[in-house]
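Structure below is input30.pdb: PDB, C-alpha atoms.
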MODEL        1
ATOM      1  CA  SER A 709      48.274 -80.131-108.991
ATOM      2  CA  GLN A 710      50.583 -79.106-106.128
ATOM      3  CA  ARG A 711      52.512 -76.153-107.541
ATOM      4  CA  ASN A 712      53.776 -75.098-104.121
ATOM      5  CA  LEU A 713      55.744 -78.338-103.769
ATOM      6  CA  VAL A 714      57.768 -77.456-106.863
ATOM      7  CA  ASN A 715      58.390 -73.931-105.551
ATOM      8  CA  VAL A 716      59.493 -75.283-102.171
ATOM      9  CA  ALA A 717      61.763 -77.925-103.702
ATOM     10  CA  ALA A 718      63.412 -75.420-106.039
ATOM     11  CA  SER A 719      63.896 -72.759-103.379
ATOM     12  CA  ARG A 720      65.458 -75.176-100.858
ATOM     13  CA  ALA A 721      68.335 -76.246-103.125
ATOM     14  CA  GLN A 722      71.541 -74.787-101.699
ATOM     15  CA  ARG A 723      74.184 -75.889-104.195
ATOM     16  CA  THR A 724      72.632 -77.897-107.019
ATOM     17  CA  LEU A 725      69.184 -78.607-108.308
ATOM     18  CA  ILE A 726      68.636 -81.483-110.734
ATOM     19  CA  VAL A 727      65.276 -81.709-112.451
ATOM     20  CA  VAL A 728      64.432 -84.752-114.556
ATOM     21  CA  GLY A 729      61.366 -84.753-116.731
ATOM     22  CA  HIS A 730      59.864 -84.672-120.188
ATOM     23  CA  PRO A 731      60.712 -81.459-122.126
ATOM     24  CA  THR A 732      57.062 -80.603-122.855
ATOM     25  CA  ALA A 733      55.800 -81.269-119.311
ATOM     26  CA  PRO A 734      56.118 -77.656-118.055
ATOM     27  CA  SER A 735      53.852 -76.270-120.764
ATOM     28  CA  GLN A 736      51.340 -79.117-120.418
ATOM     29  CA  LEU A 737      51.180 -78.882-116.616
ATOM     30  CA  ASN A 738      50.998 -75.068-116.491
ATOM     31  CA  VAL A 739      53.599 -74.847-113.700
ATOM     32  CA  PRO A 740      55.524 -71.555-114.113
ATOM     33  CA  THR A 741      58.378 -72.653-111.848
ATOM     34  CA  LEU A 742      59.040 -75.727-113.985
ATOM     35  CA  ALA A 743      58.846 -73.623-117.142
ATOM     36  CA  SER A 744      61.399 -71.184-115.692
ATOM     37  CA  LEU A 745      63.715 -74.021-114.642
ATOM     38  CA  ARG A 746      63.491 -75.555-118.116
ATOM     39  CA  ARG A 747      64.215 -72.199-119.766
ATOM     40  CA  ALA A 748      67.237 -71.662-117.488
ATOM     41  CA  ALA A 749      68.528 -75.155-118.263
ATOM     42  CA  MET A 750      68.088 -74.701-122.007
ATOM     43  CA  GLU A 751      69.279 -71.087-122.319
ATOM     44  CA  GLY A 752      71.637 -70.864-119.359
ATOM     45  CA  VAL A 753      71.612 -68.220-116.666
ATOM     46  CA  GLY A 754      75.138 -66.838-117.048
ATOM     47  CA  GLN A 755      76.982 -65.478-114.069
ATOM     48  CA  VAL A 756      74.718 -64.281-111.317
ATOM     49  CA  ALA A 757      75.962 -61.791-108.759
ATOM     50  CA  ALA A 758      74.162 -62.574-105.516
ATOM     51  CA  GLU A 759      74.651 -59.109-104.097
ATOM     52  CA  TRP A 760      73.073 -59.817-100.731
ATOM     53  CA  MET A 761      75.104 -62.862 -99.674
ATOM     54  CA  VAL A 762      77.863 -61.320 -97.605
ATOM     55  CA  HIS A 763      78.861 -62.547 -94.152
ATOM     56  CA  SER A 764      80.265 -59.384 -92.620
ATOM     57  CA  ALA A 765      80.140 -55.615 -92.759
ATOM     58  CA  ALA A 766      83.693 -55.641 -94.167
ATOM     59  CA  GLU A 767      82.604 -57.867 -97.058
ATOM     60  CA  GLU A 768      79.600 -55.623 -97.631
ATOM     61  CA  ARG A 769      81.846 -52.558 -97.740
ATOM     62  CA  LEU A 770      84.179 -54.173-100.289
ATOM     63  CA  ARG A 771      81.289 -55.498-102.381
ATOM     64  CA  ASP A 772      79.742 -52.035-102.508
ATOM     65  CA  ALA A 773      83.085 -50.489-103.535
ATOM     66  CA  MET A 774      83.518 -53.051-106.312
ATOM     67  CA  LEU A 775      79.984 -52.476-107.620
ATOM     68  CA  ALA A 776      80.433 -48.690-107.440
ATOM     69  CA  ASN A 777      83.581 -49.034-109.547
ATOM     70  CA  GLY A 778      81.993 -51.161-112.237
ATOM     71  CA  LEU A 779      83.115 -54.592-111.020
ATOM     72  CA  ALA A 780      80.483 -57.314-110.735
ATOM     73  CA  PRO A 781      81.928 -60.113-108.625
ATOM     74  CA  LEU A 782      80.333 -63.458-108.066
ATOM     75  CA  VAL A 783      79.444 -63.562-104.386
ATOM     76  CA  LYS A 784      79.997 -66.748-102.358
ATOM     77  CA  PRO A 785      80.516 -69.154-105.280
ATOM     78  CA  VAL A 786      81.713 -72.640-104.402
ATOM     79  CA  VAL A 787      84.921 -73.680-106.154
ATOM     80  CA  ASN A 788      86.655 -77.015-105.551
ATOM     81  CA  GLY A 789      84.567 -77.453-102.407
ATOM     82  CA  PHE A 790      85.504 -74.044-100.978
ATOM     83  CA  GLU A 791      83.126 -71.116-100.580
ATOM     84  CA  LEU A 792      84.907 -68.035-101.900
ATOM     85  CA  ASP A 793      84.067 -64.561-100.629
ATOM     86  CA  PHE A 794      84.157 -62.969-104.100
ATOM     87  CA  ALA A 795      85.243 -64.324-107.449
ATOM     88  CA  PHE A 796      85.850 -63.216-110.991
ATOM     89  CA  ASP A 797      85.994 -65.907-113.654
ATOM     90  CA  THR A 798      85.893 -64.540-117.184
ATOM     91  CA  PRO A 799      88.327 -64.607-120.108
ATOM     92  CA  GLU A 800      89.035 -60.919-119.461
ATOM     93  CA  THR A 801      89.768 -61.255-115.744
ATOM     94  CA  GLY A 802      90.963 -64.819-115.415
ATOM     95  CA  LYS A 803      90.167 -66.734-112.241
ATOM     96  CA  ILE A 804      90.513 -64.481-109.219
ATOM     97  CA  ASP A 805      89.414 -65.261-105.672
ATOM     98  CA  VAL A 806      89.106 -62.254-103.342
ATOM     99  CA  GLU A 807      89.092 -63.201 -99.653
ATOM    100  CA  VAL A 808      88.282 -60.874 -96.755
ATOM    101  CA  ASP A 809      90.074 -62.057 -93.617
ATOM    102  CA  GLY A 810      88.275 -61.099 -90.421
ATOM    103  CA  ASP A 811      89.298 -61.624 -86.804
ATOM    104  CA  GLN A 812      88.863 -65.400 -87.050
ATOM    105  CA  HIS A 813      91.886 -65.472 -89.395
ATOM    106  CA  PHE A 814      94.209 -64.261 -86.656
ATOM    107  CA  ASP A 815      93.821 -66.881 -83.937
ATOM    108  CA  PRO A 816      96.755 -67.175 -81.471
ATOM    109  CA  ARG A 817      97.720 -70.695 -82.556
ATOM    110  CA  GLY A 818      97.569 -69.902 -86.265
ATOM    111  CA  ARG A 819      95.181 -72.718 -87.147
ATOM    112  CA  GLN A 820      93.048 -70.611 -89.463
ATOM    113  CA  ARG A 821      96.149 -69.229 -91.164
ATOM    114  CA  ARG A 822      97.395 -72.773 -91.872
ATOM    115  CA  ARG A 823      93.982 -73.666 -93.308
ATOM    116  CA  ASP A 824      94.067 -70.537 -95.460
ATOM    117  CA  VAL A 825      97.527 -71.395 -96.824
ATOM    118  CA  LEU A 826      96.434 -74.932 -97.708
ATOM    119  CA  ARG A 827      93.190 -73.699 -99.253
ATOM    120  CA  ASP A 828      94.998 -71.053-101.301
ATOM    121  CA  SER A 829      97.460 -73.673-102.522
ATOM    122  CA  ILE A 830      94.643 -75.947-103.711
ATOM    123  CA  LEU A 831      92.905 -73.075-105.493
ATOM    124  CA  GLN A 832      96.163 -71.899-107.092
ATOM    125  CA  LYS A 833      96.819 -75.394-108.431
ATOM    126  CA  ALA A 834      93.356 -75.209-109.994
ATOM    127  CA  GLY A 835      94.319 -72.000-111.801
ATOM    128  CA  TRP A 836      92.991 -69.388-109.376
ATOM    129  CA  ARG A 837      94.843 -66.317-108.155
ATOM    130  CA  VAL A 838      94.011 -65.478-104.563
ATOM    131  CA  VAL A 839      93.853 -61.897-103.322
ATOM    132  CA  ARG A 840      93.600 -61.756 -99.509
ATOM    133  CA  VAL A 841      92.780 -58.550 -97.686
ATOM    134  CA  PRO A 842      92.343 -57.971 -93.965
ATOM    135  CA  ALA A 843      88.874 -56.811 -92.989
ATOM    136  CA  TRP A 844      90.136 -53.502 -91.578
ATOM    137  CA  ARG A 845      91.293 -52.452 -95.066
ATOM    138  CA  CYS A 846      87.739 -52.845 -96.380
ATOM    139  CA  TYR A 847      86.696 -50.053 -94.013
ATOM    140  CA  ARG A 848      89.639 -47.720 -94.593
ATOM    141  CA  GLU A 849      90.913 -48.524 -98.084
ATOM    142  CA  ALA A 850      88.130 -50.142-100.098
ATOM    143  CA  GLU A 851      88.959 -48.078-103.190
ATOM    144  CA  ALA A 852      92.628 -49.126-102.985
ATOM    145  CA  ILE A 853      91.585 -52.777-102.780
ATOM    146  CA  VAL A 854      89.460 -52.338-105.906
ATOM    147  CA  ALA A 855      92.541 -50.947-107.682
ATOM    148  CA  GLU A 856      94.551 -53.977-106.542
ATOM    149  CA  ILE A 857      91.863 -56.307-107.877
ATOM    150  CA  ARG A 858      92.012 -54.517-111.234
ATOM    151  CA  LEU A 859      95.787 -55.027-111.244
ATOM    152  CA  ALA A 860      95.226 -58.718-110.600
ATOM    153  CA  PHE A 861      93.049 -58.793-113.740
ATOM    154  CA  THR A 862      95.880 -57.475-115.893
ATOM    155  CA  ALA A 863      98.476 -59.686-114.199
ATOM    156  CA  GLY A 864      96.514 -62.758-115.214
ATOM    157  CA  THR A 865      96.039 -61.839-118.858
ATOM    158  CA  THR A 866      99.667 -61.083-119.699
TER     159      THR A 866
ENDMDL
END
Rewritten as structure tokens:
Amino acid sequence: SQRNLVNVAASRAQRTLIVVGHPTAPSQLNVPTLASLRRAAMEGVGQVAAEWMVHSAAEERLRDAMLANGLAPLVKPVVNGFELDFAFDTPETGKIDVEVDGDQHFDPRGRQRRRDVLRDSILQKAGWRVVRVPAWRCYREAEAIVAEIRLAFTAGTT
């Protein structure tokens, strides 16, 4: 009787949503959100490219260049507890993490760089290849970065 509660609960989930219930309940209750959730759970949703979830203009520039060149990255997926900037994870591409390093990656004491090295090491042990690009290249050389990403695809399949 309170359809909005289901909509609110489903829209607030940030990482995972677990719904427990009887399989025929959505059709009996006439709650479209529950019916959609059930359909997604039963049929799967595949890879979803959240095109709007970028954190900087540099990321937006690179995302737009990838989309313009026929690449559909996953945007901001969480892998092994890390939020990636962009990812490709298909049999054709292999597991590729594309990271855009902004100004925060160049702190004088090198703390962020040490974190990046550790993070990359963890991801690489999990089978990911990491492609890091400085933010300035996304403004000047976005097309070249896309070409490098394509090369990373072929490097992983040979």
Expansion of the PyMOL selection byres ((chain A and resi 762) around 12) into residues, as number ranges by chain:
A: 757-761, 763-772, 781-785, 791-794, 807-808
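Against the coordinates shown, the PyMOL selection byres ((chain A and resi 811-822) around 12) returns Ser764, Ala766, Glu807, Val808, Asp809, Gly810, Arg823, Asp824, Val825, Leu826, Arg827, Asp828, Ser829, Arg840, Val841, Pro842, Ala843 and Trp844 of chain A.
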Worksheet entry | d(CA of Ala850 (chain A), CA of Phe790 (chain A)) in Å |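 For CA of Ala850 (chain A) relative to CA of Phe790 (chain A), the distance reads 24.1 Å.
Across the model, the gap from CA of Thr801 (chain A) to CA of Val838 (chain A) is 12.7 Å.
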What is the CA of Leu713 (chain A)-CA of Val728 (chain A) distance in Å, reported with one decimal?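 Computed distance, CA of Leu713 (chain A) to CA of Val728 (chain A), equals 15.3 Å.
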Practice item. Around the point (87.2, -60.8, -108.4) in the file's coordinates, collect all residues with an atom within 8 Å, using all atoms listed in the file, and return them as number ranges by chain. Key: A: 779-782, 794-797, 801, 803-806, 857
Item to complete: Please write as a count of residues only the full residue list that the PyMOL selection byres ((chain A and resi 854) around 10) yields on this file.
Response: 21
Using only C-alpha atoms, the shortest atom-to-atom distance to Thr732 (chain A) among A:Val786, A:Arg720, A:Arg746, A:Ala834 belongs to A:Arg746
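Minimum atom-to-atom distance to Gln832 (chain A), evaluated using all atoms listed in the file, belongs to A:Val787 out of A:Thr862, A:Val787, A:Glu800, A:Pro731.
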For region 761-783 of chain A, which lacks atoms in the input, supply N, CA and C atoms and format the output as a short mmCIF file (atom, residue, chain, number, x, y, z; two decimals), in the coordinates of the input.
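File written: selection.cif
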data_model
loop_
_atom_site.label_atom_id
_atom_site.label_comp_id
_atom_site.auth_asym_id
_atom_site.auth_seq_id
_atom_site.Cartn_x
_atom_site.Cartn_y
_atom_site.Cartn_z
N MET A 761 74.56 -61.74 -100.43
CA MET A 761 75.10 -62.86 -99.67
C MET A 761 76.47 -62.57 -99.05
N VAL A 762 76.59 -61.58 -98.28
CA VAL A 762 77.86 -61.32 -97.60
C VAL A 762 77.74 -61.71 -96.14
N HIS A 763 78.88 -62.06 -95.53
CA HIS A 763 78.86 -62.55 -94.15
C HIS A 763 79.31 -61.53 -93.12
N SER A 764 79.79 -60.37 -93.58
CA SER A 764 80.26 -59.38 -92.62
C SER A 764 80.11 -57.98 -93.20
N ALA A 765 80.20 -57.01 -92.32
CA ALA A 765 80.14 -55.62 -92.76
C ALA A 765 81.34 -55.27 -93.63
N ALA A 766 82.50 -55.89 -93.35
CA ALA A 766 83.69 -55.64 -94.17
C ALA A 766 83.47 -56.14 -95.59
N GLU A 767 82.90 -57.34 -95.73
CA GLU A 767 82.60 -57.87 -97.06
C GLU A 767 81.59 -56.98 -97.77
N GLU A 768 80.61 -56.51 -97.03
CA GLU A 768 79.60 -55.62 -97.63
C GLU A 768 80.25 -54.34 -98.14
N ARG A 769 81.16 -53.78 -97.35
CA ARG A 769 81.85 -52.56 -97.74
C ARG A 769 82.66 -52.76 -99.02
N LEU A 770 83.38 -53.90 -99.09
CA LEU A 770 84.18 -54.17 -100.29
C LEU A 770 83.28 -54.45 -101.49
N ARG A 771 82.23 -55.23 -101.29
CA ARG A 771 81.29 -55.50 -102.38
C ARG A 771 80.72 -54.20 -102.94
N ASP A 772 80.30 -53.30 -102.06
CA ASP A 772 79.74 -52.04 -102.51
C ASP A 772 80.77 -51.21 -103.28
N ALA A 773 82.02 -51.22 -102.83
CA ALA A 773 83.08 -50.49 -103.54
C ALA A 773 83.33 -51.09 -104.91
N MET A 774 83.32 -52.42 -105.01
CA MET A 774 83.52 -53.05 -106.31
C MET A 774 82.37 -52.70 -107.26
N LEU A 775 81.14 -52.80 -106.78
CA LEU A 775 79.98 -52.48 -107.62
C LEU A 775 80.00 -51.01 -108.04
N ALA A 776 80.38 -50.12 -107.13
CA ALA A 776 80.43 -48.69 -107.44
C ALA A 776 81.50 -48.38 -108.49
N ASN A 777 82.50 -49.25 -108.59
CA ASN A 777 83.58 -49.03 -109.55
C ASN A 777 83.45 -49.93 -110.78
N GLY A 778 82.26 -50.42 -111.01
CA GLY A 778 81.99 -51.16 -112.24
C GLY A 778 82.43 -52.61 -112.25
N LEU A 779 82.77 -53.17 -111.09
CA LEU A 779 83.12 -54.59 -111.02
C LEU A 779 81.91 -55.36 -110.51
N ALA A 780 81.63 -56.49 -111.13
CA ALA A 780 80.48 -57.31 -110.74
C ALA A 780 80.98 -58.69 -110.31
N PRO A 781 81.41 -58.82 -109.06
CA PRO A 781 81.93 -60.11 -108.62
C PRO A 781 80.82 -61.14 -108.41
N LEU A 782 81.20 -62.39 -108.54
CA LEU A 782 80.33 -63.46 -108.07
C LEU A 782 80.49 -63.47 -106.56
N VAL A 783 79.40 -63.61 -105.84
CA VAL A 783 79.44 -63.56 -104.39
C VAL A 783 79.16 -64.95 -103.83
#
